[in-house]
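Accompanying notes for the structure given below.
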Amino acid sequence: MTVEAVTEIANNALFLIIEVSLPVLLVSLIVGLIISIFQTVTSIQEQTLTFVPKIICVFLGLMIFGHWMISTMVEFTTQLWSSFSLYVNR
């Protein structure tokens with residue numbers, strides 16, 4: 001296995017991690033921003049007000065995007081295992 005092959009696999013894996021985690025992180029970011037604006041406007045500084053809606057929305061995001069996330073990871077793993085013979089030196 002060459003250094004280039006390892007680098008390519010690592011780059012693909014890191015890109016996959018970013019691609020798969022992005023929808024849930026964006027949901028958390030948007031909900032946090034909306035709650036932050038709400039807290040600023042109403043002057044409510046309750047700490048639990050930010051966490052509970054974020055957790056609920058992240059779970060909903062996982063329920064919505066979960067199938068796609070798992071399918072993408074399984075596809076990558078299948079592709080990696082199917083090309084395993086190319087990476088093994090004889």
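Ligands are numbered from 1 in the order shown, chains are lettered A, B, ... in the order of the structure tokens, and residues start at 1 in each chain.
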Contacts of region 45-61 of chain A within 10 Å, only C-alpha atoms, excl. fewer than 2 positions in-chain, as a list in words: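 Neighbouring residues, sequence-local ones excluded: Pro23, Val24, Leu25, Leu26, Val27, Ser28, Leu29, Ile30, Val31, Gly32, Leu33, Ile34, Ile35, Ser36, Phe38, Gln39, Thr40, Thr42, Ser43, Met63, Ile64, Phe65 and Gly66 of chain A.
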Straight-line distance linking CA of Leu22 (chain A) with CA of Trp81 (chain A), stated in Å to one decimal: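 Answer for the CA of Leu22 (chain A) to CA of Trp81 (chain A) separation: 24.8 Å.
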Length of the CA of Glu19 (chain A) to CA of Thr72 (chain A) vector [Å]: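 Calculated distance between CA of Glu19 (chain A) and CA of Thr72 (chain A) is 9.2 Å.
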Residue nearest Ile17 (chain A) - candidates A:Leu62, A:Val88, A:Ile44, A:Met69, atoms counted: only C-alpha atoms: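 Nearest candidate to Ile17 (chain A) out of A:Leu62, A:Val88, A:Ile44, A:Met69: A:Met69.
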Shell of 12 Å around Leu16 (chain A), only C-alpha atoms, local chain residues under 2 positions omitted, as JSON, numbers by chain: {"A": [9, 10, 11, 12, 13, 14, 18, 19, 20, 21, 22, 69, 70, 71, 72, 73, 74, 75, 76, 77]}
Just the selected residues (N, CA, C and O atoms), exported as a PDB file, in the first residue's frame, please.
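Saved file out-v2.pdb follows:
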ATOM      1  N   ILE A   9      -7.445   7.560   0.936  1.00  0.00           N
ATOM      2  CA  ILE A   9      -8.466   6.962   1.803  1.00  0.00           C
ATOM      3  C   ILE A   9      -8.758   7.883   2.986  1.00  0.00           C
ATOM      4  O   ILE A   9      -9.921   8.092   3.353  1.00  0.00           O
ATOM      5  N   ALA A  10      -7.715   8.435   3.584  1.00  0.00           N
ATOM      6  CA  ALA A  10      -7.906   9.346   4.724  1.00  0.00           C
ATOM      7  C   ALA A  10      -8.660  10.604   4.299  1.00  0.00           C
ATOM      8  O   ALA A  10      -9.556  11.070   5.022  1.00  0.00           O
ATOM      9  N   ASN A  11      -8.312  11.161   3.142  1.00  0.00           N
ATOM     10  CA  ASN A  11      -9.022  12.350   2.651  1.00  0.00           C
ATOM     11  C   ASN A  11     -10.492  12.047   2.393  1.00  0.00           C
ATOM     12  O   ASN A  11     -11.363  12.839   2.743  1.00  0.00           O
ATOM     13  N   ASN A  12     -10.754  10.905   1.764  1.00  0.00           N
ATOM     14  CA  ASN A  12     -12.142  10.523   1.495  1.00  0.00           C
ATOM     15  C   ASN A  12     -12.919  10.305   2.794  1.00  0.00           C
ATOM     16  O   ASN A  12     -14.084  10.685   2.901  1.00  0.00           O
ATOM     17  N   ALA A  13     -12.270   9.692   3.784  1.00  0.00           N
ATOM     18  CA  ALA A  13     -12.928   9.449   5.069  1.00  0.00           C
ATOM     19  C   ALA A  13     -13.226  10.763   5.790  1.00  0.00           C
ATOM     20  O   ALA A  13     -14.318  10.939   6.349  1.00  0.00           O
ATOM     21  N   LEU A  14     -12.284  11.690   5.782  1.00  0.00           N
ATOM     22  CA  LEU A  14     -12.510  12.989   6.437  1.00  0.00           C
ATOM     23  C   LEU A  14     -13.604  13.779   5.736  1.00  0.00           C
ATOM     24  O   LEU A  14     -14.442  14.414   6.386  1.00  0.00           O
ATOM     25  N   ILE A  18     -17.280  14.990   7.381  1.00  0.00           N
ATOM     26  CA  ILE A  18     -17.813  16.348   7.284  1.00  0.00           C
ATOM     27  C   ILE A  18     -19.165  16.341   6.585  1.00  0.00           C
ATOM     28  O   ILE A  18     -20.121  16.988   7.031  1.00  0.00           O
ATOM     29  N   GLU A  19     -19.262  15.602   5.491  1.00  0.00           N
ATOM     30  CA  GLU A  19     -20.498  15.551   4.719  1.00  0.00           C
ATOM     31  C   GLU A  19     -21.652  14.955   5.524  1.00  0.00           C
ATOM     32  O   GLU A  19     -22.782  15.453   5.486  1.00  0.00           O
ATOM     33  N   VAL A  20     -21.377  13.906   6.291  1.00  0.00           N
ATOM     34  CA  VAL A  20     -22.426  13.228   7.045  1.00  0.00           C
ATOM     35  C   VAL A  20     -22.843  14.031   8.283  1.00  0.00           C
ATOM     36  O   VAL A  20     -24.017  14.064   8.642  1.00  0.00           O
ATOM     37  N   SER A  21     -21.907  14.701   8.911  1.00  0.00           N
ATOM     38  CA  SER A  21     -22.244  15.436  10.137  1.00  0.00           C
ATOM     39  C   SER A  21     -22.802  16.829   9.864  1.00  0.00           C
ATOM     40  O   SER A  21     -23.404  17.436  10.760  1.00  0.00           O
ATOM     41  N   LEU A  22     -22.643  17.332   8.663  1.00  0.00           N
ATOM     42  CA  LEU A  22     -23.056  18.698   8.348  1.00  0.00           C
ATOM     43  C   LEU A  22     -24.543  18.972   8.567  1.00  0.00           C
ATOM     44  O   LEU A  22     -24.885  20.005   9.169  1.00  0.00           O
ATOM     45  N   MET A  69     -27.540   9.280   6.163  1.00  0.00           N
ATOM     46  CA  MET A  69     -26.224   9.229   6.792  1.00  0.00           C
ATOM     47  C   MET A  69     -25.690   7.797   6.820  1.00  0.00           C
ATOM     48  O   MET A  69     -24.538   7.548   6.440  1.00  0.00           O
ATOM     49  N   ILE A  70     -26.521   6.864   7.249  1.00  0.00           N
ATOM     50  CA  ILE A  70     -26.088   5.469   7.331  1.00  0.00           C
ATOM     51  C   ILE A  70     -25.830   4.907   5.943  1.00  0.00           C
ATOM     52  O   ILE A  70     -24.848   4.195   5.724  1.00  0.00           O
ATOM     53  N   SER A  71     -26.700   5.237   4.983  1.00  0.00           N
ATOM     54  CA  SER A  71     -26.503   4.757   3.609  1.00  0.00           C
ATOM     55  C   SER A  71     -25.188   5.254   3.025  1.00  0.00           C
ATOM     56  O   SER A  71     -24.473   4.496   2.366  1.00  0.00           O
ATOM     57  N   THR A  72     -24.867   6.503   3.288  1.00  0.00           N
ATOM     58  CA  THR A  72     -23.619   7.072   2.786  1.00  0.00           C
ATOM     59  C   THR A  72     -22.410   6.387   3.418  1.00  0.00           C
ATOM     60  O   THR A  72     -21.439   6.064   2.727  1.00  0.00           O
ATOM     61  N   MET A  73     -22.467   6.140   4.722  1.00  0.00           N
ATOM     62  CA  MET A  73     -21.348   5.475   5.395  1.00  0.00           C
ATOM     63  C   MET A  73     -21.207   4.022   4.955  1.00  0.00           C
ATOM     64  O   MET A  73     -20.080   3.532   4.761  1.00  0.00           O
ATOM     65  N   VAL A  74     -22.329   3.340   4.766  1.00  0.00           N
ATOM     66  CA  VAL A  74     -22.283   1.949   4.302  1.00  0.00           C
ATOM     67  C   VAL A  74     -21.734   1.881   2.882  1.00  0.00           C
ATOM     68  O   VAL A  74     -20.936   0.992   2.553  1.00  0.00           O
ATOM     69  N   GLU A  75     -22.130   2.832   2.046  1.00  0.00           N
ATOM     70  CA  GLU A  75     -21.625   2.884   0.670  1.00  0.00           C
ATOM     71  C   GLU A  75     -20.108   3.082   0.650  1.00  0.00           C
ATOM     72  O   GLU A  75     -19.391   2.433  -0.110  1.00  0.00           O
ATOM     73  N   PHE A  76     -19.619   3.981   1.500  1.00  0.00           N
ATOM     74  CA  PHE A  76     -18.173   4.210   1.576  1.00  0.00           C
ATOM     75  C   PHE A  76     -17.440   2.963   2.055  1.00  0.00           C
ATOM     76  O   PHE A  76     -16.415   2.576   1.503  1.00  0.00           O
ATOM     77  N   THR A  77     -17.984   2.328   3.093  1.00  0.00           N
ATOM     78  CA  THR A  77     -17.356   1.122   3.632  1.00  0.00           C
ATOM     79  C   THR A  77     -17.366  -0.008   2.611  1.00  0.00           C
ATOM     80  O   THR A  77     -16.366  -0.715   2.455  1.00  0.00           O
TER      81      THR A  77
END
For CA of Ala5 (chain A) and CA of Thr78 (chain A), the interatomic separation in Å (one decimal):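 Interatomic distance here is 16.7 Å.
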